[in-house]
Every structure is written in C-alpha cells, then in structure tokens.
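Have a look at data26.cif; it's mmCIF, C-alpha atoms and all ligand atoms:
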```cif
data_final
#
loop_
_atom_site.label_atom_id
_atom_site.label_comp_id
_atom_site.auth_asym_id
_atom_site.auth_seq_id
_atom_site.Cartn_x
_atom_site.Cartn_y
_atom_site.Cartn_z
CA MET A 268 17.68 -2.17 -10.66
CA GLN A 269 16.91 -4.53 -7.78
CA ARG A 270 13.79 -3.52 -5.88
CA LYS A 271 13.31 -5.29 -2.55
CA PRO A 272 9.85 -6.90 -2.61
CA LEU A 273 7.39 -5.59 -0.03
CA ILE A 274 4.49 -7.68 1.24
CA ALA A 275 2.04 -5.54 3.19
CA GLY A 276 -0.94 -6.72 5.19
CA ASN A 277 -3.83 -4.30 5.60
CA TRP A 278 -5.86 -5.52 8.53
CA LYS A 279 -8.58 -2.90 7.93
CA MET A 280 -11.18 -2.74 10.72
CA HIS A 281 -10.38 -6.17 12.10
CA THR A 282 -8.81 -7.47 15.32
CA THR A 283 -9.03 -6.50 18.94
CA ILE A 284 -5.72 -5.80 20.65
CA ALA A 285 -5.40 -9.40 21.83
CA GLU A 286 -6.27 -10.80 18.40
CA ALA A 287 -3.82 -8.45 16.70
CA GLU A 288 -0.99 -9.43 19.03
CA LYS A 289 -1.69 -13.10 18.46
CA LEU A 290 -1.72 -12.69 14.70
CA ALA A 291 1.49 -10.64 14.76
CA ARG A 292 3.27 -13.23 16.91
CA ALA A 293 2.17 -16.07 14.66
CA ILE A 294 3.49 -14.27 11.56
CA CYS A 295 6.83 -13.69 13.33
CA GLU A 296 7.09 -17.30 14.38
CA ASN A 297 6.72 -18.42 10.78
CA GLY A 298 9.80 -16.34 9.90
CA ILE A 299 10.62 -13.71 7.30
CA PRO A 300 13.15 -14.33 4.50
CA ASN A 301 15.67 -11.49 4.57
CA ASP A 302 15.45 -10.70 0.87
CA ARG A 303 12.01 -9.14 1.30
CA GLU A 304 10.27 -6.60 3.45
CA VAL A 305 7.05 -7.18 5.37
CA MET A 306 4.65 -4.61 6.78
CA VAL A 307 1.45 -5.06 8.75
CA ALA A 308 -1.11 -2.30 9.25
CA PRO A 309 -3.28 -3.07 12.28
CA PRO A 310 -6.07 -0.85 13.58
CA PHE A 311 -4.73 2.16 15.51
CA THR A 312 -5.83 0.71 18.85
CA ALA A 313 -3.59 -2.33 18.36
CA MET A 314 -0.58 -0.59 16.87
CA LYS A 315 1.55 -0.34 19.98
CA ALA A 316 0.84 -3.92 20.97
CA VAL A 317 1.69 -5.13 17.46
CA SER A 318 4.92 -3.09 17.43
CA GLY A 319 5.90 -4.84 20.63
CA ALA A 320 4.96 -8.25 19.27
CA VAL A 321 7.03 -7.86 16.08
CA ALA A 322 10.05 -6.16 17.70
CA GLY A 323 13.27 -7.72 16.46
CA SER A 324 11.57 -9.69 13.68
CA GLY A 325 12.18 -7.14 10.93
CA ILE A 326 8.44 -6.74 10.33
CA LEU A 327 7.46 -3.11 9.87
CA VAL A 328 4.32 -1.59 11.31
CA GLY A 329 2.14 0.66 9.17
CA ALA A 330 -0.97 2.76 9.64
CA GLN A 331 -4.14 2.73 7.55
CA ASN A 332 -4.28 6.51 7.36
CA VAL A 333 -2.62 9.60 8.78
CA CYS A 334 -3.30 13.32 9.24
CA TRP A 335 -0.80 15.93 7.99
CA GLU A 336 -0.64 17.85 11.26
CA GLU A 337 1.30 16.96 14.36
CA LYS A 338 -1.55 17.90 16.71
CA GLY A 339 -4.58 20.13 17.01
CA ALA A 340 -8.31 20.31 16.52
CA PHE A 341 -8.77 17.47 14.03
CA THR A 342 -11.43 15.27 15.59
CA GLY A 343 -11.22 11.67 14.50
CA GLU A 344 -7.77 11.99 12.94
CA ILE A 345 -4.42 10.56 13.99
CA SER A 346 -1.12 12.40 13.79
CA PRO A 347 2.12 11.11 12.27
CA VAL A 348 3.90 11.76 15.55
CA MET A 349 1.35 9.71 17.50
CA LEU A 350 1.81 6.89 15.02
CA GLN A 351 5.58 6.99 15.34
CA ASP A 352 5.18 6.96 19.08
CA ALA A 353 3.35 3.64 18.65
CA GLY A 354 6.12 2.18 16.45
CA CYS A 355 4.70 3.00 13.02
CA VAL A 356 6.96 3.69 10.02
CA MET A 357 4.61 3.57 7.00
CA ALA A 358 1.08 4.72 6.15
CA ILE A 359 -1.39 3.36 3.61
CA LEU A 360 -2.98 6.44 2.00
CA GLY A 361 -5.75 6.89 -0.53
CA HIS A 362 -7.03 3.36 -0.07
CA SER A 363 -10.12 2.81 -2.20
CA GLU A 364 -12.24 2.36 0.94
CA ARG A 365 -11.12 5.81 2.11
CA ARG A 366 -11.88 7.24 -1.33
CA HIS A 367 -15.19 5.55 -2.00
CA ILE A 368 -16.78 4.96 1.41
CA PHE A 369 -15.44 8.05 3.20
CA GLY A 370 -15.22 10.45 0.27
CA GLU A 371 -11.51 11.24 0.44
CA ASN A 372 -10.39 13.02 -2.71
CA ASP A 373 -7.01 13.47 -4.37
CA THR A 374 -6.44 16.88 -2.77
CA LEU A 375 -6.96 15.51 0.73
CA ILE A 376 -4.88 12.43 -0.02
CA ASN A 377 -2.08 14.66 -1.33
CA LYS A 378 -2.04 16.52 2.00
CA ARG A 379 -1.79 13.21 3.81
CA VAL A 380 1.11 12.08 1.58
CA ALA A 381 2.95 15.35 2.22
CA GLY A 382 2.29 15.12 5.96
CA ALA A 383 3.49 11.54 6.20
CA LEU A 384 6.72 12.39 4.39
CA LYS A 385 7.31 15.53 6.43
CA PHE A 386 7.33 13.45 9.60
CA GLY A 387 9.34 10.58 8.12
CA LEU A 388 6.60 8.02 7.51
CA VAL A 389 6.70 6.19 4.17
CA PRO A 390 3.39 6.71 2.34
CA VAL A 391 1.94 3.74 0.48
CA LEU A 392 -0.15 5.68 -2.02
CA CYS A 393 -3.02 3.58 -3.36
CA ILE A 394 -4.54 4.19 -6.76
CA GLY A 395 -7.09 2.16 -8.68
CA GLU A 396 -9.93 2.31 -11.15
CA LYS A 397 -13.52 1.27 -10.56
CA LEU A 398 -15.16 -1.40 -12.72
CA GLU A 399 -17.19 1.12 -14.72
CA GLU A 400 -14.03 3.12 -15.39
CA ARG A 401 -12.22 0.04 -16.67
CA GLU A 402 -15.20 -0.90 -18.83
CA ALA A 403 -15.28 2.62 -20.26
CA GLU A 404 -11.55 2.22 -21.07
CA ARG A 405 -10.66 5.04 -18.72
CA THR A 406 -8.27 3.02 -16.52
CA PHE A 407 -5.07 4.81 -17.53
CA GLN A 408 -6.70 8.23 -17.37
CA VAL A 409 -8.04 7.60 -13.85
CA LEU A 410 -4.73 6.23 -12.60
CA GLU A 411 -2.77 9.11 -14.09
CA GLU A 412 -5.03 11.64 -12.42
CA GLN A 413 -4.86 9.91 -9.03
CA LEU A 414 -1.09 9.58 -9.23
CA ARG A 415 -0.39 13.13 -10.45
CA LYS A 416 -2.72 14.76 -7.95
CA GLY A 417 -1.70 12.50 -5.11
CA LEU A 418 1.97 13.33 -5.71
CA GLU A 419 1.57 17.01 -6.58
CA GLY A 420 4.39 19.02 -5.04
CA ILE A 421 5.94 15.90 -3.54
CA SER A 422 9.68 15.74 -4.05
CA LEU A 423 11.65 12.66 -3.13
CA LYS A 424 15.28 12.31 -2.16
CA SER A 425 15.35 8.54 -2.55
CA ALA A 426 13.24 5.68 -3.84
CA ASP A 427 12.61 4.23 -0.40
CA GLU A 428 10.63 7.29 0.72
CA LEU A 429 7.45 6.27 -1.12
CA VAL A 430 5.58 3.16 -2.25
CA VAL A 431 2.77 3.09 -4.82
CA ALA A 432 0.05 0.43 -4.72
CA TYR A 433 -2.15 -0.37 -7.70
CA GLU A 434 -5.44 -1.75 -6.44
CA PRO A 435 -8.21 -2.09 -9.01
CA VAL A 436 -11.33 -1.33 -6.97
CA TRP A 437 -13.24 -4.20 -8.60
CA ALA A 438 -10.65 -6.67 -7.33
CA ILE A 439 -10.65 -5.63 -3.67
CA GLY A 440 -12.34 -8.11 -1.38
CA THR A 441 -14.22 -9.60 -4.32
CA GLY A 442 -12.12 -12.67 -5.01
CA LYS A 443 -11.52 -11.28 -8.53
CA THR A 444 -7.86 -10.67 -9.19
CA ALA A 445 -6.67 -8.68 -12.15
CA THR A 446 -5.14 -11.07 -14.66
CA ILE A 447 -1.38 -11.15 -14.63
CA ASP A 448 -1.39 -9.30 -17.95
CA GLN A 449 -3.80 -6.63 -16.70
CA ALA A 450 -1.69 -6.04 -13.61
CA GLN A 451 1.64 -6.04 -15.44
CA GLU A 452 0.30 -3.63 -18.08
CA VAL A 453 -0.80 -1.15 -15.42
CA HIS A 454 2.44 -1.45 -13.49
CA VAL A 455 4.45 -0.64 -16.61
CA PHE A 456 2.18 2.35 -17.19
CA VAL A 457 2.54 3.57 -13.58
CA ARG A 458 6.31 3.24 -13.81
CA SER A 459 6.28 5.38 -16.97
CA LEU A 460 4.26 8.05 -15.14
CA LEU A 461 6.74 7.98 -12.26
CA ARG A 462 9.54 8.53 -14.78
CA ASN A 463 7.85 11.77 -15.81
CA LEU A 464 7.65 12.90 -12.20
CA TYR A 465 10.99 11.84 -10.73
CA GLU A 466 14.58 11.49 -11.80
CA LYS A 467 15.57 8.18 -13.30
CA ASN A 468 17.11 6.45 -10.27
CA ILE A 469 14.17 7.29 -8.07
CA ALA A 470 11.50 6.40 -10.63
CA THR A 471 13.22 3.08 -11.32
CA GLY A 472 13.72 2.28 -7.65
CA LEU A 473 10.20 3.04 -6.40
CA ARG A 474 8.21 -0.04 -5.54
CA ILE A 475 4.79 -0.59 -7.11
CA LEU A 476 2.66 -3.11 -5.22
CA TYR A 477 -0.37 -4.94 -6.57
CA GLY A 478 -3.44 -5.30 -4.37
CA GLY A 479 -6.85 -6.85 -4.81
CA SER A 480 -7.66 -10.41 -3.74
CA VAL A 481 -4.03 -11.46 -3.50
CA ASN A 482 -3.87 -14.87 -1.84
CA SER A 483 -1.54 -17.80 -1.27
CA LYS A 484 -2.56 -19.33 -4.62
CA ASN A 485 -2.09 -16.37 -6.96
CA VAL A 486 0.85 -14.62 -5.28
CA ASP A 487 3.60 -16.59 -7.05
CA ASP A 488 2.31 -15.70 -10.51
CA LEU A 489 1.81 -12.05 -9.59
CA MET A 490 5.25 -11.74 -8.02
CA GLY A 491 6.75 -13.42 -11.07
CA GLN A 492 6.00 -10.28 -13.08
CA GLU A 493 8.94 -7.98 -13.61
CA ASP A 494 7.10 -4.82 -12.66
CA ILE A 495 5.18 -6.11 -9.64
CA ASP A 496 7.32 -5.32 -6.62
CA GLY A 497 5.09 -6.56 -3.87
CA ALA A 498 1.55 -7.05 -2.69
CA LEU A 499 -0.94 -5.20 -0.55
CA VAL A 500 -3.06 -7.89 1.02
CA GLY A 501 -6.38 -7.52 2.82
CA GLY A 502 -8.44 -10.62 3.60
CA ALA A 503 -5.59 -13.11 3.25
CA ALA A 504 -3.45 -11.07 5.66
CA LEU A 505 -5.76 -11.91 8.57
CA ASP A 506 -4.72 -15.54 8.67
CA SER A 507 -1.12 -16.18 9.70
CA THR A 508 -0.76 -19.32 7.57
CA SER A 509 -1.96 -17.69 4.37
CA PHE A 510 -0.09 -14.44 5.02
CA SER A 511 3.13 -16.32 5.74
CA ARG A 512 2.71 -18.27 2.51
CA ILE A 513 2.27 -14.96 0.68
CA ILE A 514 5.39 -13.58 2.35
CA ASN A 515 7.24 -16.69 1.18
CA PHE A 516 6.13 -16.29 -2.44
CA LYS A 517 8.28 -18.19 -4.90
P1 LIG B 601 -8.21 -7.80 -0.42
O1 LIG B 601 -7.92 -6.28 0.01
O2 LIG B 601 -6.87 -8.48 -0.44
O3 LIG B 601 -9.12 -8.34 0.65
O4 LIG B 601 -8.84 -7.75 -1.75
C1 LIG B 601 -6.83 -5.59 -0.49
C2 LIG B 601 -6.81 -4.19 0.02
O5 LIG B 601 -7.88 -3.60 0.23
O6 LIG B 601 -5.73 -3.60 0.23
#
```
I'd like the structure from this file rewritten - as structure tokens, please.
Amino acid sequence: MQRKPLIAGNWKMHTTIAEAEKLARAICENGIPNDREVMVAPPFTAMKAVSGAVAGSGILVGAQNVCWEEKGAFTGEISPVMLQDAGCVMAILGHSERRHIFGENDTLINKRVAGALKFGLVPVLCIGEKLEEREAERTFQVLEEQLRKGLEGISLKSADELVVAYEPVWAIGTGKTATIDQAQEVHVFVRSLLRNLYEKNIATGLRILYGGSVNSKNVDDLMGQEDIDGALVGGAALDSTSFSRIINFK
C-alpha cells in the first residue's frame, strides 16, 4: 500500500507571530512536491497568521496539543473548535515534552486523541521510550503500553484519520538519532501492534513518522526505510532552508 509521506515541523515554544509568518512564507516559497504532505505546528498565538501565510500552498497547519472539550472551564487549555477556527487540521498529542515535563499520562492523552477525532482534527499520537527504558530492554513494552492506552476506545473509519509518531525520548533535541535499524525495527513493531487494533486496510494505511534529531543530512536514509512514512521535526524545522531540504528528501 502506498502511504503518502508526511513531513511535520513542530515549532514548540518558538517564534513570535511575525517570526512565524516569515518562516511559513519562506517554506512556501521553496515549494512543496505534490507527492508528499507537509504540516507545521506553530505556537497557538501564531496559528491564524501561519494559516494565512500558507493558504493555497498545500501546507497543513497543526497544533501542539488540544483539549477534548469544545469550551468551558479548562484554564490554560485550547479547544479543537478554536483551533479549527484558526485554520488547524491536525494536533500533535502525547509529545514527550508533554509527558515528561508536564506530567501528561496515557489516560489524559487518550482523552485528547478522542477529542481531536470527535471534532475532525487528525491526531499525531507520539510514543517513545526513555534512554533508561531502552537500556533495560523495555522499549517494546513501553511503546505497546503507550499505543494501547493512547488508542483505547478509538475506532477509525479510515487510515487518514490518525498518524503515529515514534520519537525515542533520548533522540529528541539531543543530536542523537536512532540508527536506521533501530528506527525501522520499532516501526515494524508499531505496525504489528496497529494490526492488532485495526482492520487490515487501516492498519496498513496508517502513517508512522520518525522523530528525534531528524535533519537535512539524515532524512534521506531515514525516509529510505520501508516502514518510515515521514518525519516529525523539531529543531531543524525552525530554519526554512533545512526544513525545505527535509521536505525534499530523496
Ligand atoms: P528534534 O525534536 O527534531 O529537535 O529532536 C523532535 C520533536 O520533538 O518532535
């Protein structure tokens, strides 16, 4: 099955509105090949400006988190409807920084996944093991738990409703990338878990991204792997030249 590659840029807590607009425009100017999909996830404050800047380019706008409720007393949260209002179509959920700095657990992340889907946003569910878990040979166990709990009660009608991102925590922002073999091995494992959860066409069609120090130098090798369907990029997504090179992986 052909899975359309997705290159996603997670801008994290970077860029003012003006900086975000400038970055978005520069990425658009460099062009997007039409055999791949591109998403950028700016800070909430810049989302509307970025949506305007990328309009007509095919670039999708994503959020870095989302609440499961449309509105109400949820101080500090952002609703799926508010995000859509600002042009957002996807949401990165369960990112390791949300899990490990802000204490989000699988139950909470599962509510966010369900909420995103209910309102028509595509969740990009992030899973990943910490260094000590890898060293203790618990990688598969940790990933299975995060995936099962994160997707508990989540039914899908098609493969384009959800994206999974494998991001080994020890590779995020550290300059250490998983080796191609490490990444490919995990992606095959994640695909097998998805086959247990969803019917064949959906499990085969879901995209599994790799994230963790992806850059313009390692992207071609990573994307050359059969089971790596895209990249979730942090640091290298903040520079239009490097992000455009990543988008144009060979
Ligand atoms: P990085 O971040 O590319 O800077 O390692 C990836 C991520 O956190 O999604």
Report as CSV: every residue of chain A with an atom at most 8 Å from ligand LIG 601 (chain B), its closest pair of atoms, and their distance in Å to one decimal, counting all atoms listed in the file, with rows sorted by chain and ascending residue number.
```
residue,atom,partner,partner_atom,distance
A:Gly276,CA,B:LIG601,O6,7.6
A:Asn277,CA,B:LIG601,O6,5.7
A:Lys279,CA,B:LIG601,O5,7.8
A:His362,CA,B:LIG601,O5,7.0
A:Ser363,CA,B:LIG601,O5,7.2
A:Glu364,CA,B:LIG601,O5,7.4
A:Glu434,CA,B:LIG601,O6,6.9
A:Ala438,CA,B:LIG601,O4,6.0
A:Ile439,CA,B:LIG601,O4,3.4
A:Gly440,CA,B:LIG601,O4,3.5
A:Thr441,CA,B:LIG601,O4,6.2
A:Gly442,CA,B:LIG601,O4,6.8
A:Gly478,CA,B:LIG601,C1,5.2
A:Gly479,CA,B:LIG601,O4,3.8
A:Ser480,CA,B:LIG601,O4,3.5
A:Val481,CA,B:LIG601,O2,5.1
A:Asn482,CA,B:LIG601,O2,7.2
A:Leu499,CA,B:LIG601,O6,5.1
A:Val500,CA,B:LIG601,O2,4.1
A:Gly501,CA,B:LIG601,O2,3.4
A:Gly502,CA,B:LIG601,O3,3.8
A:Ala503,CA,B:LIG601,O2,6.1
A:Ala504,CA,B:LIG601,O2,7.5
```
Taking (1.2, 14.4, 13.2) in the file's coordinates as the center, which residues reach within 8 Å of it, counting all atoms listed in the file, put as a list in words? Val333, Cys334, Trp335, Glu336, Glu337, Lys338, Ile345, Ser346, Pro347, Val348, Met349, Leu350, Gly382, Ala383 and Phe386 of chain A
Out of A:Arg292, A:Lys424, A:Arg303, A:Lys467, which residue has the shortest atom-to-atom distance to Lys271 of chain A when counting all atoms listed in the file?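 For Lys271 of chain A, the nearest of the given residues is A:Arg303.
Distance-wise, atom CA of Lys397 of chain A and atom CA of Arg270 of chain A end up 28.1 Å apart.
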Enter the distance from atom CA of Ala275 of chain A to atom CA of Asn515 of chain A, in Å, rounded to one decimal.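 Going from atom CA of Ala275 of chain A over to atom CA of Asn515 of chain A covers 12.5 Å.
Closest approach to Arg401 of chain A among A:Ala445, A:Leu375, A:Val486, A:Val317 is made by A:Ala445 (distances from only C-alpha atoms).
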List the neighbours of Met314 of chain A out to 9 Å using all atoms listed in the file; skip same-chain residues closer than 3 positions along the sequence, and give me the result as a list in words. Ile284, Ala287, Ala308, Pro309, Pro310, Phe311, Val317, Ser318, Gly319, Val328, Gly329, Ala330, Leu350, Ala353, Gly354 and Cys355 of chain A
Identify, on the basis of only C-alpha atoms, every residue whose closest approach to Leu414 of chain A does not exceed 10 Å; exclude the query and any residue fewer than 6 positions from it along the same chain; express the result as a list in words. Asp373, Asn377, Leu392, Cys393, Ile394, Gly395, Gln408, Val431, Val457, Leu460, Leu461 and Leu464 of chain A
Mind listing as a list in words all residues within 12 Å of (9.5, -18.5, -6.8), counting all atoms listed in the file?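 Here is the list of nearby residues: Asn485, Val486, Asp487, Asp488, Leu489, Met490, Gly491, Gln492, Arg512, Ile513, Ile514, Asn515, Phe516 and Lys517 of chain A.
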Convert the current residue selection to file output with C-alpha atoms, as a JSON list (two decimals), in the coordinates of the input.
```json
[["chain", "number", "residue", "atom", "x", "y", "z"],
["A", 485, "ASN", "CA", -2.09, -16.37, -6.96],
["A", 486, "VAL", "CA", 0.85, -14.62, -5.28],
["A", 487, "ASP", "CA", 3.60, -16.59, -7.05],
["A", 488, "ASP", "CA", 2.31, -15.70, -10.51],
["A", 489, "LEU", "CA", 1.81, -12.05, -9.59],
["A", 490, "MET", "CA", 5.25, -11.74, -8.02],
["A", 491, "GLY", "CA", 6.75, -13.42, -11.07],
["A", 492, "GLN", "CA", 6.00, -10.28, -13.08],
["A", 512, "ARG", "CA", 2.71, -18.27, 2.51],
["A", 513, "ILE", "CA", 2.27, -14.96, 0.68],
["A", 514, "ILE", "CA", 5.39, -13.58, 2.35],
["A", 515, "ASN", "CA", 7.24, -16.69, 1.18],
["A", 516, "PHE", "CA", 6.13, -16.29, -2.44],
["A", 517, "LYS", "CA", 8.28, -18.19, -4.90]]
```
Between atom CA of Pro272 of chain A and atom CA of Gly472 of chain A, distance in Å (one decimal): 11.2 Å
In terms of only C-alpha atoms, the residue from A:Val307, A:Ile447, A:Met280, A:Leu429 at minimal distance from Ser507 of chain A is A:Val307
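Considering the residues A:Thr444, A:Pro390, A:Gln269, A:Thr342 and counting all atoms listed in the file, Asn468 of chain A has its shortest atom-to-atom contact with A:Gln269.
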Quick one: residues within 7 Å of Glu396 of chain A, only C-alpha atoms counted, chain neighbours fewer than 2 positions away excluded, as a list in words?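 These residues fall inside the cut-off: Leu398, Glu400, Arg401, Thr406, Val409, Leu410, Pro435 and Val436 of chain A.
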Given only C-alpha atoms as the counted atoms, nearest of A:Phe510, A:Gly417, A:Asp496, A:Leu360 to Lys484 of chain A: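 For Lys484 of chain A, the nearest of the candidates is A:Phe510.
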Return segment 346-357 of chain A, completed with all heavy atoms, as a PDB file, keeping the file's coordinate frame.
```
ATOM      1  N   SER A 346      -2.281  11.651  14.282  1.00  0.00           N
ATOM      2  CA  SER A 346      -1.120  12.400  13.790  1.00  0.00           C
ATOM      3  C   SER A 346       0.070  11.476  13.513  1.00  0.00           C
ATOM      4  O   SER A 346       0.218  10.421  14.132  1.00  0.00           O
ATOM      5  CB  SER A 346      -0.748  13.484  14.807  1.00  0.00           C
ATOM      6  OG  SER A 346       0.494  13.222  15.416  1.00  0.00           O
ATOM      7  N   PRO A 347       0.934  11.912  12.588  1.00  0.00           N
ATOM      8  CA  PRO A 347       2.120  11.110  12.270  1.00  0.00           C
ATOM      9  C   PRO A 347       2.997  10.885  13.501  1.00  0.00           C
ATOM     10  O   PRO A 347       3.599   9.810  13.647  1.00  0.00           O
ATOM     11  CB  PRO A 347       2.859  11.946  11.218  1.00  0.00           C
ATOM     12  CG  PRO A 347       2.083  13.179  10.986  1.00  0.00           C
ATOM     13  CD  PRO A 347       0.819  13.123  11.755  1.00  0.00           C
ATOM     14  N   VAL A 348       3.056  11.879  14.357  1.00  0.00           N
ATOM     15  CA  VAL A 348       3.900  11.760  15.550  1.00  0.00           C
ATOM     16  C   VAL A 348       3.321  10.725  16.518  1.00  0.00           C
ATOM     17  O   VAL A 348       4.043   9.930  17.120  1.00  0.00           O
ATOM     18  CB  VAL A 348       4.058  13.150  16.217  1.00  0.00           C
ATOM     19  CG1 VAL A 348       4.840  13.053  17.511  1.00  0.00           C
ATOM     20  CG2 VAL A 348       4.719  14.115  15.248  1.00  0.00           C
ATOM     21  N   MET A 349       1.988  10.717  16.634  1.00  0.00           N
ATOM     22  CA  MET A 349       1.350   9.710  17.500  1.00  0.00           C
ATOM     23  C   MET A 349       1.610   8.303  16.953  1.00  0.00           C
ATOM     24  O   MET A 349       1.843   7.354  17.709  1.00  0.00           O
ATOM     25  CB  MET A 349      -0.169   9.948  17.532  1.00  0.00           C
ATOM     26  CG  MET A 349      -0.568  11.225  18.217  1.00  0.00           C
ATOM     27  SD  MET A 349      -2.320  11.524  17.886  1.00  0.00           S
ATOM     28  CE  MET A 349      -2.467  13.155  18.618  1.00  0.00           C
ATOM     29  N   LEU A 350       1.573   8.193  15.632  1.00  0.00           N
ATOM     30  CA  LEU A 350       1.810   6.890  15.020  1.00  0.00           C
ATOM     31  C   LEU A 350       3.244   6.423  15.281  1.00  0.00           C
ATOM     32  O   LEU A 350       3.484   5.268  15.643  1.00  0.00           O
ATOM     33  CB  LEU A 350       1.542   6.941  13.516  1.00  0.00           C
ATOM     34  CG  LEU A 350       0.086   7.153  13.114  1.00  0.00           C
ATOM     35  CD1 LEU A 350      -0.028   7.320  11.604  1.00  0.00           C
ATOM     36  CD2 LEU A 350      -0.781   5.979  13.565  1.00  0.00           C
ATOM     37  N   GLN A 351       4.179   7.358  15.095  1.00  0.00           N
ATOM     38  CA  GLN A 351       5.580   6.990  15.340  1.00  0.00           C
ATOM     39  C   GLN A 351       5.791   6.573  16.781  1.00  0.00           C
ATOM     40  O   GLN A 351       6.538   5.648  17.068  1.00  0.00           O
ATOM     41  CB  GLN A 351       6.490   8.182  14.989  1.00  0.00           C
ATOM     42  CG  GLN A 351       6.723   8.250  13.499  1.00  0.00           C
ATOM     43  CD  GLN A 351       7.286   9.577  13.052  1.00  0.00           C
ATOM     44  OE1 GLN A 351       7.054  10.600  13.678  1.00  0.00           O
ATOM     45  NE2 GLN A 351       8.006   9.550  11.952  1.00  0.00           N
ATOM     46  N   ASP A 352       5.093   7.264  17.659  1.00  0.00           N
ATOM     47  CA  ASP A 352       5.180   6.960  19.080  1.00  0.00           C
ATOM     48  C   ASP A 352       4.733   5.508  19.354  1.00  0.00           C
ATOM     49  O   ASP A 352       5.163   4.873  20.313  1.00  0.00           O
ATOM     50  CB  ASP A 352       4.271   7.958  19.819  1.00  0.00           C
ATOM     51  CG  ASP A 352       4.453   7.935  21.316  1.00  0.00           C
ATOM     52  OD1 ASP A 352       5.595   7.729  21.763  1.00  0.00           O
ATOM     53  OD2 ASP A 352       3.457   8.116  22.039  1.00  0.00           O
ATOM     54  N   ALA A 353       3.852   5.010  18.489  1.00  0.00           N
ATOM     55  CA  ALA A 353       3.350   3.640  18.650  1.00  0.00           C
ATOM     56  C   ALA A 353       4.133   2.644  17.786  1.00  0.00           C
ATOM     57  O   ALA A 353       3.723   1.493  17.627  1.00  0.00           O
ATOM     58  CB  ALA A 353       1.866   3.600  18.304  1.00  0.00           C
ATOM     59  N   GLY A 354       5.243   3.105  17.181  1.00  0.00           N
ATOM     60  CA  GLY A 354       6.120   2.180  16.450  1.00  0.00           C
ATOM     61  C   GLY A 354       5.877   2.113  14.948  1.00  0.00           C
ATOM     62  O   GLY A 354       6.410   1.243  14.266  1.00  0.00           O
ATOM     63  N   CYS A 355       5.087   3.037  14.436  1.00  0.00           N
ATOM     64  CA  CYS A 355       4.700   3.000  13.020  1.00  0.00           C
ATOM     65  C   CYS A 355       5.743   3.682  12.122  1.00  0.00           C
ATOM     66  O   CYS A 355       6.280   4.726  12.490  1.00  0.00           O
ATOM     67  CB  CYS A 355       3.352   3.713  12.902  1.00  0.00           C
ATOM     68  SG  CYS A 355       2.784   3.948  11.233  1.00  0.00           S
ATOM     69  N   VAL A 356       5.995   3.088  10.944  1.00  0.00           N
ATOM     70  CA  VAL A 356       6.960   3.690  10.020  1.00  0.00           C
ATOM     71  C   VAL A 356       6.397   3.932   8.612  1.00  0.00           C
ATOM     72  O   VAL A 356       7.051   4.555   7.772  1.00  0.00           O
ATOM     73  CB  VAL A 356       8.242   2.820   9.890  1.00  0.00           C
ATOM     74  CG1 VAL A 356       9.000   2.777  11.216  1.00  0.00           C
ATOM     75  CG2 VAL A 356       7.919   1.413   9.420  1.00  0.00           C
ATOM     76  N   MET A 357       5.201   3.424   8.350  1.00  0.00           N
ATOM     77  CA  MET A 357       4.610   3.570   7.000  1.00  0.00           C
ATOM     78  C   MET A 357       3.145   3.934   7.154  1.00  0.00           C
ATOM     79  O   MET A 357       2.554   3.704   8.215  1.00  0.00           O
ATOM     80  CB  MET A 357       4.642   2.251   6.239  1.00  0.00           C
ATOM     81  CG  MET A 357       5.969   1.864   5.683  1.00  0.00           C
ATOM     82  SD  MET A 357       5.792   0.413   4.610  1.00  0.00           S
ATOM     83  CE  MET A 357       7.428   0.397   3.914  1.00  0.00           C
TER      84      MET A 357
END
```
